[in-house]
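Trainee: Structure provided below as C-alpha cells; questions to follow.
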2 protein chains.
Amino acid sequence: MARSTSIRDVAAEAGVSITTVSHALSGKGTVSARTRLRVEQAVERLGYAPNPIARAMRTDRRAVLGFVSEEIASTPYAGKIIVGAQAEAAAHDHVLMIVDIAAGAFDDPRIDALIQRQVDAVVFASASNRVIRLPRSLDPARTVLLDAFDPAAPVPSVVPDEQDIAATAVRALLDAGHRRIAHLTVEGAGPAVTGRVEGYERTLVAAGGTPVVVRAGGEVADAAAGHRAATELFGPVSPGAADRHDAERPTAVFAFNDQMAMGVYQVAEERGMRIGRDLSVVGIDDLQLVAAALRPGLTTVALPHEQMGRAAVRRALEQTGALPAPQAPRAGVERLRGELVVRDSIGSATVTRS
Amino acid sequence: MARSTSIRDVAAEAGVSITTVSHALSGKGTVSARTRLRVEQAVERLGYAPNPIARAMRTDRRAVLGFVSEEIASTPYAGKIIVGAQAEAAAHDHVLMIVDIAAGAFDDPRIDALIQRQVDAVVFASASNRVIRLPRSLDPARTVLLDAFDPAAPVPSVVPDEQDIAATAVRALLDAGHRRIAHLTVEGAGPAVTGRVEGYERTLVAAGGTPVVVRAGGEVADAAAGHRAATELFGPVSPGAADRHDAERPTAVFAFNDQMAMGVYQVAEERGMRIGRDLSVVGIDDLQLVAAALRPGLTTVALPHEQMGRAAVRRALEQTGALPAPQAPRAGVERLRGELVVRDSIGSATVTRS
DNA sequence: CTGAAAGCGCTTACAG
DNA sequence: CTGAAAGCGCTTACAG
C-alpha cells in the first residue's frame with residue numbers, strides 16, 4: 001500500500017541495469033553467479049518486492065483468479081469451498097477476487113464489468129449441484145464450473161460424485177445390518193437429487209433390499225421437508241406406535257442431507273422413537289451446525305467442499321497455463337467422493353429390532 | 001480476459017487523440033459536446049472498457065479492496081458479511097480480493113505478500129467480536145477492523161452493539177410478561193460475552209428482575225454448551241419435574257446465541273418442557289440452519305452482518321479517498337444494532353405459569 | 001553475461 | 001477545446 005522501492009532502486013543499489021535485475025530475479029536470462037548475488041543482496045537490503053500491477057501490465061497475467069459465487073450467504077458450505085480455492089491459489093502465487101451474485105443472476109453485469117480483464121480465469125461456483133447455462137460473458141476457455149455442469153459448453157466442471165456419496169451413506173447402514181432402509185428426498189430432477197436416489201437404489205438392491213423413496217413436496221431440502229417426508233413415511237401417529245413392532249417399518253433412514261435428517265429427528269421425538277436405537281439415520285453434508293449439534297450426533301457423509309475448491313482452481317490454473325496441462329486430458333467433469341463421518345445415529349439392526 | 005480494444009482504438013475510431021478520449025470519458029478535461037458524442041459513439045461501437053490494470057498503474061489506485069478473513073469456513077455468518085462488503089464495494093466500482101487466514105494467524109505472510117500493493121485498503125474481519133492486535137504488515141491508515149477492536153491502534157472498527165442487541169433480546173421476553181429470565185453464556189471476557197451479560201443485567205434490573213447468569217464451562221458457545229448450561233440451570237431431573245410449579249424456576253431463557261439455544265431446546269425436551277409454553281427462549285444470530293429449523297421456530301436477534309460488511313467497506317473507501325471523509329469525524333468504533341426476528345419460542349408469561 | 005530500448009494502456013500536466 | 005509527450009514499473013526481444 002505504501003509507495004515502495006522499484007526495480008530501478010534495486011538496479012542502482014546493485015550497480016547493474018534493471019534488465020539484469022529482472023533476469024536475476026526471474027531466472028529467465030543468464031546472469032553470472034556474482035551478479036546474481038549482488039542483486040539478491042540489494043533486494044534484501046531494500047526489502048524489494050516486484051509490483052504485481054506493473055508485471056500484469058506487461059505480461060497480461062494478473063496472477064488473479066475470479067471467483068463468482070452464487071448466493072454465498074445462503075450456502076453454509078461456501079466457506080469451505082472458498083478456503084480450498086483460496087489455499088490452492090495461494091500455493092501457486094495467485095489470489096482470488098470474489099464477486100457474489102444473486103441466485104440465478106447469471107447476467108449480472110459485474111461478472112462482465114469487474115471480472116473482465118482483471119482476472120486470468122474464472123471459477124464459477126453454483127449454490128448447489130445443478131445443470132446451468134454458462135453466462136455469456138464468460139469465456140469457456142477461461143472458466144471452470146464448480147458444483148455445476150453445462151452440457152452445452154466445453155467447460156471443465158468439478159462436482160461431487162453424488163452416486164458414490166449416496167452409496168457410502170447406504171453402506172454405513174447396510175454394514176450395521178439394516179435392510180429396510182428408506183430414502184427421504186425432495187422433488188426436482190437436479191444431479192444431486194437424482195444422483196443420490198440412483199446411488200441409493202443401486203446399492204440397496206445389490207444388498208437385497210427394496211428401495212422406498214419418499215419425496216417431500218417442494219425442492220427445498222430443509223428440516224421442514226425432512227419433517228414432512230418422515231411423517232409421511234411413518235404414517236399417522238397411532239397410540240402406542242413406539243411399541244408397535246411393525247415388520248414393514250423401515251429400521252433406517254437415509255436423508256438427502258443433514259437438514260432433512262434434522263426433521264427426521266423431530267418426527268422421531270414426536271413419536272417416542274430414539275435415534276440410534278429405534279431408528280437409525282444417516283445424512284449428507286456434515287454441516288457442523290446441524291450434524292454435530294443434534295443429539296445423538298448425526299452420522300453423515302461429508303462432501304469434499306475444500307477439495308472441490310482446490311480442484312476447480314487447479315483446472316483454472318491449467319487453463320491459464322500457470323499449471324501444466326495434464327498429459328492425459330481429463331474428462332470434462334471431475335467427480336469427487338465424500339467421506340463418512342461417524343457419530344451416534346446408527347445403531348445395529350439387531351438392537352433396533354428387539 | 002480476451003485481448004480487447006484499447007483507448008487507442010477508440011481514438012482512431014472517433015478521429016481524435018487518446019488524450020481527448022481520456023478527457024471525454026473521465027470528464028476531467030474540457031471537451032466539446034460534439035467531440036464527446038463522437039467518442040461515446042466510438043466506445044459504443046467498439047464495446048470499449050478501460051483496462052483497470054493500466055489505470056491502476058498510472059493512478060496508483062487499484063479500485064480493489066483487500067478482505068482478510070479469519071477462518072471464513074468456520075463462521076456461518078461470514079457469507080453475509082462478505083455479501084455486504086461485496087455489494088458496497090461494487091456500488092463504488094470497487095472489487096474485493098479475499099485472503100483467508102487460519103484462526104489467529106495474523107502473521108500469515110500472504111497478508112503482506114499478496115495484499116501489499118495490490119489493494120487500496122484492507123478490511124480485516126475477525127471470526128468473532130474480540131480484541132486483537134493489528135497485524136504489523138497492515139498500515140493503520142489503510143485498514144479497518146471488522147468484528148474486532150484494537151485498543152492500541154488508531155484504526156476504525158465496526159462491531160455489533162452487543163449491549164443493545166442483548167437488550168433487544170431481553171425486552172422481547174419482558175414484553176411477553178416474563179421477569180424470571182436467566183442468561184446462558186460461556187466463559188471468557190471478550191466483548192461479545194461481556195457486552196451481552198451487561199446488556200442483559202442492565203435491562204432486566206431496570207424492569208425489576210434479578211439477573212441469573214449461568215456459564216457453561218469453556219469458551220465455545222455451541223449446542224453442547226447450551227445443553228450444559230441449561231442442565232445446570234434447571235438442576236437434577238426429578239420425577240414429575242414438568243408438573244412442578246417451582247416459583248423460583250425461570251420462565252424464560254436468553255441464550256448467548258442460537259446454537260446455545262438449541263441446547264436449551266434439547267434439555268427442555270428431555271424434561272418434558274414445551275418451548276413457547278413451559279419455557280420461553282430467545283437467542284442471538286438468526287442462524288437459518290438453527291433458528292428456522294428448530295421446532296418451534298426460535299425467536300432471535302439477527303446480527304447486522306450485511307450492514308457490518310457494508311460499513312467496513314465504506315470506512316475503507318473513506319481512507320483511500322474514494323469516498324469523502326465524513327464532516328464530523330466519527331468515533332473510532334462504529335456499533336451496529338440488531339433486529340428482533342420473531343418466531344414461536346416466546347410465550348406469554350401468564351400462559352407459562354398456568 | 002550485460003544493458004539500452006521499446007512497449008503494455010492508461011492519465012496528466014503542459015503547450016498550443 | 002485539443003493533442004504530443006512523459007511516465008507509472010515492469011518484461012522481453014535484440015544487440016553488443
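A note on labels: chains of the C-alpha cells are A, B, ... as shown, every chain counts residues from 1, and ligands are counted from 1 in their shown order.
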Take chain A, superimpose it onto chain B by least squares using every C-alpha atom paired in sequence order, and output the result as a compact mmCIF listing (two decimals) with C-alpha atoms, in the first residue's frame.
Mentor:
```txt
# COMPACT_ATOMS: atom_id res chain seq x y z
CA MET A 1 -9.93 -11.89 -20.55
CA ALA A 2 -9.76 -11.59 -24.29
CA ARG A 3 -7.37 -9.00 -25.70
CA SER A 4 -9.55 -6.09 -26.39
CA THR A 5 -9.69 -2.63 -27.81
CA SER A 6 -7.51 0.03 -26.26
CA ILE A 7 -7.89 3.72 -25.91
CA ARG A 8 -5.78 4.04 -29.03
CA ASP A 9 -8.39 2.24 -31.10
CA VAL A 10 -11.05 4.56 -29.82
CA ALA A 11 -8.95 7.60 -30.63
CA ALA A 12 -8.42 6.39 -34.19
CA GLU A 13 -12.09 5.55 -34.62
CA ALA A 14 -13.17 8.97 -33.34
CA GLY A 15 -10.40 10.81 -35.16
CA VAL A 16 -8.99 12.45 -32.05
CA SER A 17 -6.00 11.99 -29.76
CA ILE A 18 -5.93 9.55 -26.91
CA THR A 19 -5.66 12.48 -24.54
CA THR A 20 -9.00 13.72 -25.77
CA VAL A 21 -10.56 10.31 -25.40
CA SER A 22 -9.32 10.14 -21.85
CA HIS A 23 -10.68 13.59 -21.12
CA ALA A 24 -14.02 12.86 -22.70
CA LEU A 25 -14.41 9.65 -20.74
CA SER A 26 -13.22 10.85 -17.39
CA GLY A 27 -14.84 14.25 -17.61
CA LYS A 28 -11.64 15.73 -16.27
CA GLY A 29 -10.45 17.98 -19.06
CA THR A 30 -12.68 20.20 -21.15
CA VAL A 31 -14.05 18.72 -24.33
CA SER A 32 -16.53 20.17 -26.79
CA ALA A 33 -19.93 18.58 -26.92
CA ARG A 34 -19.40 17.45 -30.49
CA THR A 35 -16.08 15.79 -29.73
CA ARG A 36 -17.47 14.08 -26.69
CA LEU A 37 -20.29 12.67 -28.74
CA ARG A 38 -17.90 11.35 -31.38
CA VAL A 39 -15.84 9.68 -28.69
CA GLU A 40 -18.85 8.14 -27.05
CA GLN A 41 -20.06 6.77 -30.34
CA ALA A 42 -16.65 5.28 -31.02
CA VAL A 43 -16.64 3.67 -27.59
CA GLU A 44 -20.06 2.27 -28.32
CA ARG A 45 -19.12 0.89 -31.72
CA LEU A 46 -15.94 -0.70 -30.43
CA GLY A 47 -17.35 -1.90 -27.15
CA TYR A 48 -14.44 -0.31 -25.41
CA ALA A 49 -13.85 -0.55 -21.69
CA PRO A 50 -10.77 0.94 -20.04
CA ASN A 51 -8.16 -1.51 -18.83
CA PRO A 52 -8.24 -1.30 -15.05
CA ILE A 53 -4.70 -2.61 -14.77
CA ALA A 54 -3.29 0.17 -16.86
CA ARG A 55 -5.32 2.69 -14.96
CA ALA A 56 -4.06 1.29 -11.67
CA MET A 57 -0.53 1.49 -12.98
CA ARG A 58 -0.87 5.19 -13.63
CA THR A 59 -3.05 6.34 -10.78
CA ASP A 60 -1.81 4.01 -8.10
CA ARG A 61 -5.44 3.17 -7.38
CA ARG A 62 -6.57 -0.35 -7.92
CA ALA A 63 -10.27 -0.05 -7.24
CA VAL A 64 -9.66 -3.21 -5.26
CA LEU A 65 -10.20 -3.73 -1.57
CA GLY A 66 -8.55 -6.54 0.32
CA PHE A 67 -10.77 -8.62 2.55
CA VAL A 68 -8.82 -10.66 5.05
CA SER A 69 -11.10 -13.12 6.76
CA GLU A 70 -10.21 -15.29 9.63
CA GLU A 71 -11.52 -18.82 9.20
CA ILE A 72 -14.32 -17.92 6.92
CA ALA A 73 -15.24 -21.60 6.76
CA SER A 74 -15.97 -21.87 10.43
CA THR A 75 -18.28 -18.91 10.69
CA PRO A 76 -21.66 -19.34 9.12
CA TYR A 77 -22.19 -15.59 9.19
CA ALA A 78 -19.16 -14.81 7.09
CA GLY A 79 -21.19 -15.24 3.97
CA LYS A 80 -23.51 -12.38 4.76
CA ILE A 81 -20.69 -10.13 5.80
CA ILE A 82 -18.97 -10.77 2.51
CA VAL A 83 -22.14 -10.24 0.55
CA GLY A 84 -22.61 -6.86 2.21
CA ALA A 85 -18.99 -5.89 1.70
CA GLN A 86 -19.14 -7.05 -1.85
CA ALA A 87 -22.30 -5.15 -2.66
CA GLU A 88 -21.06 -1.91 -1.13
CA ALA A 89 -17.75 -2.22 -2.96
CA ALA A 90 -19.53 -2.88 -6.24
CA ALA A 91 -21.72 0.17 -5.70
CA HIS A 92 -18.56 2.23 -5.78
CA ASP A 93 -16.93 0.38 -8.67
CA HIS A 94 -14.64 -1.55 -6.45
CA VAL A 95 -13.97 -5.22 -6.24
CA LEU A 96 -13.03 -7.45 -3.33
CA MET A 97 -9.92 -9.56 -3.09
CA ILE A 98 -10.21 -12.23 -0.44
CA VAL A 99 -7.52 -13.84 1.61
CA ASP A 100 -8.58 -16.35 4.20
CA ILE A 101 -6.26 -16.98 7.10
CA ALA A 102 -6.29 -19.58 9.81
CA ALA A 103 -7.65 -18.55 13.20
CA GLY A 104 -5.19 -16.25 14.89
CA ALA A 105 -2.66 -16.47 12.06
CA PHE A 106 -2.28 -12.72 11.90
CA ASP A 107 1.28 -13.03 10.73
CA ASP A 108 0.32 -15.05 7.68
CA PRO A 109 2.79 -13.87 5.04
CA ARG A 110 0.06 -13.79 2.46
CA ILE A 111 -1.41 -10.76 4.12
CA ASP A 112 1.80 -9.06 3.33
CA ALA A 113 2.83 -10.68 0.08
CA LEU A 114 -0.46 -10.78 -1.73
CA ILE A 115 -2.43 -7.89 -0.38
CA GLN A 116 0.46 -5.50 -0.42
CA ARG A 117 0.29 -3.18 -3.38
CA GLN A 118 -2.57 -5.00 -4.98
CA VAL A 119 -5.26 -3.33 -2.94
CA ASP A 120 -6.11 0.19 -1.87
CA ALA A 121 -7.12 -0.75 1.63
CA VAL A 122 -7.92 -3.78 3.71
CA VAL A 123 -10.94 -4.89 5.68
CA PHE A 124 -9.78 -7.27 8.36
CA ALA A 125 -12.63 -9.46 9.53
CA SER A 126 -12.32 -11.36 12.77
CA ALA A 127 -14.14 -14.65 13.23
CA SER A 128 -15.91 -13.29 16.29
CA ASN A 129 -16.20 -9.98 18.05
CA ARG A 130 -13.05 -9.65 20.09
CA VAL A 131 -10.02 -7.57 20.94
CA ILE A 132 -7.05 -8.15 18.69
CA ARG A 133 -3.70 -6.66 17.78
CA LEU A 134 -3.55 -5.36 14.25
CA PRO A 135 -1.18 -7.43 12.10
CA ARG A 136 2.00 -5.46 11.69
CA SER A 137 1.96 -5.79 7.95
CA LEU A 138 -1.20 -3.72 7.75
CA ASP A 139 -1.07 0.05 7.53
CA PRO A 140 -3.45 1.53 10.14
CA ALA A 141 -4.32 4.34 7.75
CA ARG A 142 -5.50 1.81 5.22
CA THR A 143 -7.22 -0.77 7.35
CA VAL A 144 -10.57 -1.19 9.00
CA LEU A 145 -11.41 -3.80 11.58
CA LEU A 146 -14.59 -5.79 11.30
CA ASP A 147 -16.04 -7.56 14.33
CA ALA A 148 -12.87 -6.68 16.18
CA PHE A 149 -11.27 -3.85 18.07
CA ASP A 150 -7.66 -2.91 18.69
CA PRO A 151 -7.33 -0.49 21.61
CA ALA A 152 -3.71 0.17 20.65
CA ALA A 153 -4.16 1.11 17.01
CA PRO A 154 -5.90 4.14 15.50
CA VAL A 155 -8.00 2.02 13.19
CA PRO A 156 -11.68 2.38 12.46
CA SER A 157 -13.67 -0.51 13.75
CA VAL A 158 -17.12 -1.88 12.96
CA VAL A 159 -18.75 -4.11 15.53
CA PRO A 160 -22.20 -5.23 16.63
CA ASP A 161 -23.67 -3.27 19.52
CA GLU A 162 -23.62 -6.20 21.93
CA GLN A 163 -25.33 -4.40 24.78
CA ASP A 164 -28.15 -3.11 22.65
CA ILE A 165 -28.59 -6.49 21.01
CA ALA A 166 -28.84 -8.19 24.39
CA ALA A 167 -31.30 -5.54 25.51
CA THR A 168 -33.46 -6.23 22.47
CA ALA A 169 -33.53 -9.93 23.31
CA VAL A 170 -34.38 -9.35 26.96
CA ARG A 171 -37.05 -6.82 26.08
CA ALA A 172 -38.80 -9.40 23.91
CA LEU A 173 -39.08 -11.57 27.00
CA LEU A 174 -40.10 -8.70 29.27
CA ASP A 175 -42.80 -7.66 26.81
CA ALA A 176 -44.31 -11.13 27.08
CA GLY A 177 -44.56 -10.62 30.84
CA HIS A 178 -41.50 -12.58 31.97
CA ARG A 179 -39.43 -11.40 34.92
CA ARG A 180 -37.60 -14.56 35.95
CA ILE A 181 -35.22 -14.57 33.01
CA ALA A 182 -31.90 -16.40 33.13
CA HIS A 183 -28.97 -15.73 30.84
CA LEU A 184 -26.96 -18.67 29.56
CA THR A 185 -23.49 -17.89 28.32
CA VAL A 186 -19.89 -19.14 28.32
CA GLU A 187 -16.59 -18.28 29.94
CA GLY A 188 -14.38 -15.58 28.54
CA ALA A 189 -14.04 -11.84 28.74
CA GLY A 190 -14.47 -10.90 25.09
CA PRO A 191 -16.76 -8.07 23.99
CA ALA A 192 -19.53 -10.42 22.93
CA VAL A 193 -19.80 -12.34 26.20
CA THR A 194 -19.23 -9.29 28.38
CA GLY A 195 -21.41 -6.92 26.38
CA ARG A 196 -24.36 -9.30 26.33
CA VAL A 197 -24.13 -9.97 30.03
CA GLU A 198 -24.10 -6.24 30.72
CA GLY A 199 -26.98 -5.52 28.38
CA TYR A 200 -28.94 -8.34 29.98
CA GLU A 201 -28.31 -7.25 33.55
CA ARG A 202 -29.00 -3.60 32.92
CA THR A 203 -32.24 -4.23 31.07
CA LEU A 204 -33.53 -6.83 33.49
CA VAL A 205 -32.69 -4.82 36.60
CA ALA A 206 -34.39 -1.75 35.13
CA ALA A 207 -37.52 -3.89 34.81
CA GLY A 208 -37.30 -5.08 38.39
CA GLY A 209 -35.89 -8.54 37.68
CA THR A 210 -32.95 -10.30 39.32
CA PRO A 211 -30.17 -11.41 36.98
CA VAL A 212 -29.15 -15.06 36.93
CA VAL A 213 -26.16 -15.78 34.75
CA VAL A 214 -25.09 -19.37 34.12
CA ARG A 215 -21.81 -19.97 32.34
CA ALA A 216 -21.11 -23.26 30.63
CA GLY A 217 -17.50 -24.29 31.06
CA GLY A 218 -15.25 -23.40 28.15
CA GLU A 219 -15.47 -20.58 25.63
CA VAL A 220 -17.14 -22.43 22.78
CA ALA A 221 -20.76 -21.34 22.55
CA ASP A 222 -22.30 -24.31 20.77
CA ALA A 223 -25.31 -26.56 21.36
CA ALA A 224 -23.37 -28.71 23.81
CA ALA A 225 -22.54 -25.62 25.89
CA GLY A 226 -26.19 -24.66 25.87
CA HIS A 227 -27.07 -28.15 27.02
CA ARG A 228 -24.61 -27.97 29.88
CA ALA A 229 -25.68 -24.53 31.02
CA ALA A 230 -29.38 -25.33 30.86
CA THR A 231 -28.83 -28.57 32.76
CA GLU A 232 -27.09 -26.63 35.47
CA LEU A 233 -29.80 -24.00 35.50
CA PHE A 234 -32.62 -26.45 36.01
CA GLY A 235 -30.75 -28.71 38.38
CA PRO A 236 -30.94 -32.49 38.60
CA VAL A 237 -33.88 -34.17 36.97
CA SER A 238 -36.47 -35.11 39.56
CA PRO A 239 -39.51 -37.27 38.95
CA GLY A 240 -42.44 -35.20 37.84
CA ALA A 241 -40.22 -32.20 37.35
CA ALA A 242 -42.34 -30.98 34.50
CA ASP A 243 -45.31 -30.77 36.79
CA ARG A 244 -43.57 -29.12 39.68
CA HIS A 245 -44.52 -25.47 39.98
CA ASP A 246 -41.30 -24.08 41.28
CA ALA A 247 -41.74 -20.42 42.08
CA GLU A 248 -38.03 -19.92 41.69
CA ARG A 249 -37.66 -21.58 38.35
CA PRO A 250 -36.98 -19.18 35.49
CA THR A 251 -39.82 -18.92 33.03
CA ALA A 252 -37.54 -17.73 30.29
CA VAL A 253 -33.99 -18.10 29.05
CA PHE A 254 -31.90 -15.67 27.06
CA ALA A 255 -29.20 -17.74 25.37
CA PHE A 256 -25.89 -16.26 24.27
CA ASN A 257 -26.62 -17.41 20.74
CA ASP A 258 -28.85 -19.66 18.67
CA GLN A 259 -26.56 -22.63 19.03
CA MET A 260 -26.74 -22.47 22.80
CA ALA A 261 -30.50 -22.03 22.47
CA MET A 262 -30.56 -25.31 20.59
CA GLY A 263 -29.00 -26.94 23.65
CA VAL A 264 -31.76 -25.42 25.76
CA TYR A 265 -34.36 -27.02 23.49
CA GLN A 266 -32.69 -30.38 24.00
CA VAL A 267 -32.75 -30.05 27.77
CA ALA A 268 -36.36 -28.94 27.66
CA GLU A 269 -37.26 -32.01 25.66
CA GLU A 270 -35.44 -34.27 28.08
CA ARG A 271 -37.47 -32.82 30.89
CA GLY A 272 -40.79 -32.63 29.20
CA MET A 273 -40.93 -28.85 29.10
CA ARG A 274 -42.49 -27.45 25.99
CA ILE A 275 -40.71 -24.46 24.47
CA GLY A 276 -43.04 -21.50 24.09
CA ARG A 277 -45.32 -22.82 26.80
CA ASP A 278 -43.43 -24.15 29.80
CA LEU A 279 -40.31 -22.28 28.89
CA SER A 280 -39.63 -19.28 26.66
CA VAL A 281 -36.34 -18.91 24.84
CA VAL A 282 -34.64 -16.18 22.87
CA GLY A 283 -31.32 -16.41 21.07
CA ILE A 284 -28.97 -14.23 19.08
CA ASP A 285 -27.76 -14.59 15.49
CA ASP A 286 -30.75 -15.74 13.45
CA LEU A 287 -28.76 -18.64 12.08
CA GLN A 288 -31.08 -20.05 9.42
CA LEU A 289 -29.89 -23.58 9.91
CA VAL A 290 -30.76 -23.46 13.58
CA ALA A 291 -33.29 -20.75 14.35
CA ALA A 292 -35.69 -21.57 11.53
CA ALA A 293 -35.17 -25.33 11.77
CA LEU A 294 -35.93 -25.74 15.45
CA ARG A 295 -39.47 -26.63 16.52
CA PRO A 296 -40.99 -24.38 17.51
CA GLY A 297 -39.08 -21.77 15.53
CA LEU A 298 -36.63 -19.79 17.63
CA THR A 299 -37.22 -16.11 18.27
CA THR A 300 -33.85 -14.44 18.04
CA VAL A 301 -32.00 -11.21 17.39
CA ALA A 302 -30.41 -11.07 13.97
CA LEU A 303 -26.96 -9.57 13.95
CA PRO A 304 -26.45 -6.92 11.29
CA HIS A 305 -23.88 -8.88 9.34
CA GLU A 306 -24.63 -7.47 5.95
CA GLN A 307 -24.69 -3.95 7.35
CA MET A 308 -21.39 -4.57 9.03
CA GLY A 309 -19.83 -5.63 5.76
CA ARG A 310 -21.19 -2.54 4.10
CA ALA A 311 -20.10 -0.19 6.85
CA ALA A 312 -16.58 -1.58 6.90
CA VAL A 313 -16.21 -1.14 3.18
CA ARG A 314 -17.54 2.38 3.39
CA ARG A 315 -14.93 3.28 5.95
CA ALA A 316 -12.19 1.68 3.90
CA LEU A 317 -13.33 3.71 0.91
CA GLU A 318 -13.17 6.84 3.03
CA GLN A 319 -9.59 5.99 3.83
CA THR A 320 -8.59 5.68 0.21
CA GLY A 321 -10.42 8.83 -0.71
CA ALA A 322 -12.81 7.00 -3.00
CA LEU A 323 -15.56 8.18 -0.68
CA PRO A 324 -15.52 11.63 0.92
CA ALA A 325 -14.53 11.56 4.56
CA PRO A 326 -17.46 12.34 6.86
CA GLN A 327 -17.65 15.98 7.91
CA ALA A 328 -17.94 15.19 11.56
CA PRO A 329 -15.23 12.60 12.14
CA ARG A 330 -16.91 9.50 13.44
CA ALA A 331 -15.89 7.75 16.54
CA GLY A 332 -13.30 5.07 16.01
CA VAL A 333 -15.78 2.35 16.76
CA GLU A 334 -19.05 2.06 14.91
CA ARG A 335 -21.63 -0.08 16.69
CA LEU A 336 -24.50 -1.57 14.75
CA ARG A 337 -27.80 -2.72 16.20
CA GLY A 338 -29.58 -5.96 15.64
CA GLU A 339 -33.16 -6.74 14.85
CA LEU A 340 -35.63 -9.03 16.58
CA VAL A 341 -36.86 -11.93 14.47
CA VAL A 342 -40.07 -13.23 15.95
CA ARG A 343 -40.89 -16.93 15.71
CA ASP A 344 -42.60 -19.15 18.27
CA SER A 345 -40.28 -19.73 21.20
CA ILE A 346 -41.67 -17.00 23.41
CA GLY A 347 -44.96 -17.53 25.15
CA SER A 348 -46.66 -15.15 27.53
CA ALA A 349 -45.56 -15.46 31.14
CA THR A 350 -49.15 -15.86 32.24
CA VAL A 351 -49.65 -18.99 30.24
CA THR A 352 -46.24 -20.24 31.26
CA ARG A 353 -47.11 -20.03 34.91
CA SER A 354 -50.47 -21.71 34.67
```
Trainee: Chain C residues within 12 Å of chain B, counting only C-alpha atoms (C1' of nucleotides): which ones, as number ranges by chain?
Mentor: C: 8-13
Trainee: With a distance cut-off of 12 Å and only C-alpha atoms (C1' of nucleotides), select the neighbouring residues of D:DA15, excluding the residue or stretch itself and same-chain residues fewer than 6 positions from it, and output the selection as number ranges by chain.
Mentor: C: 2-5
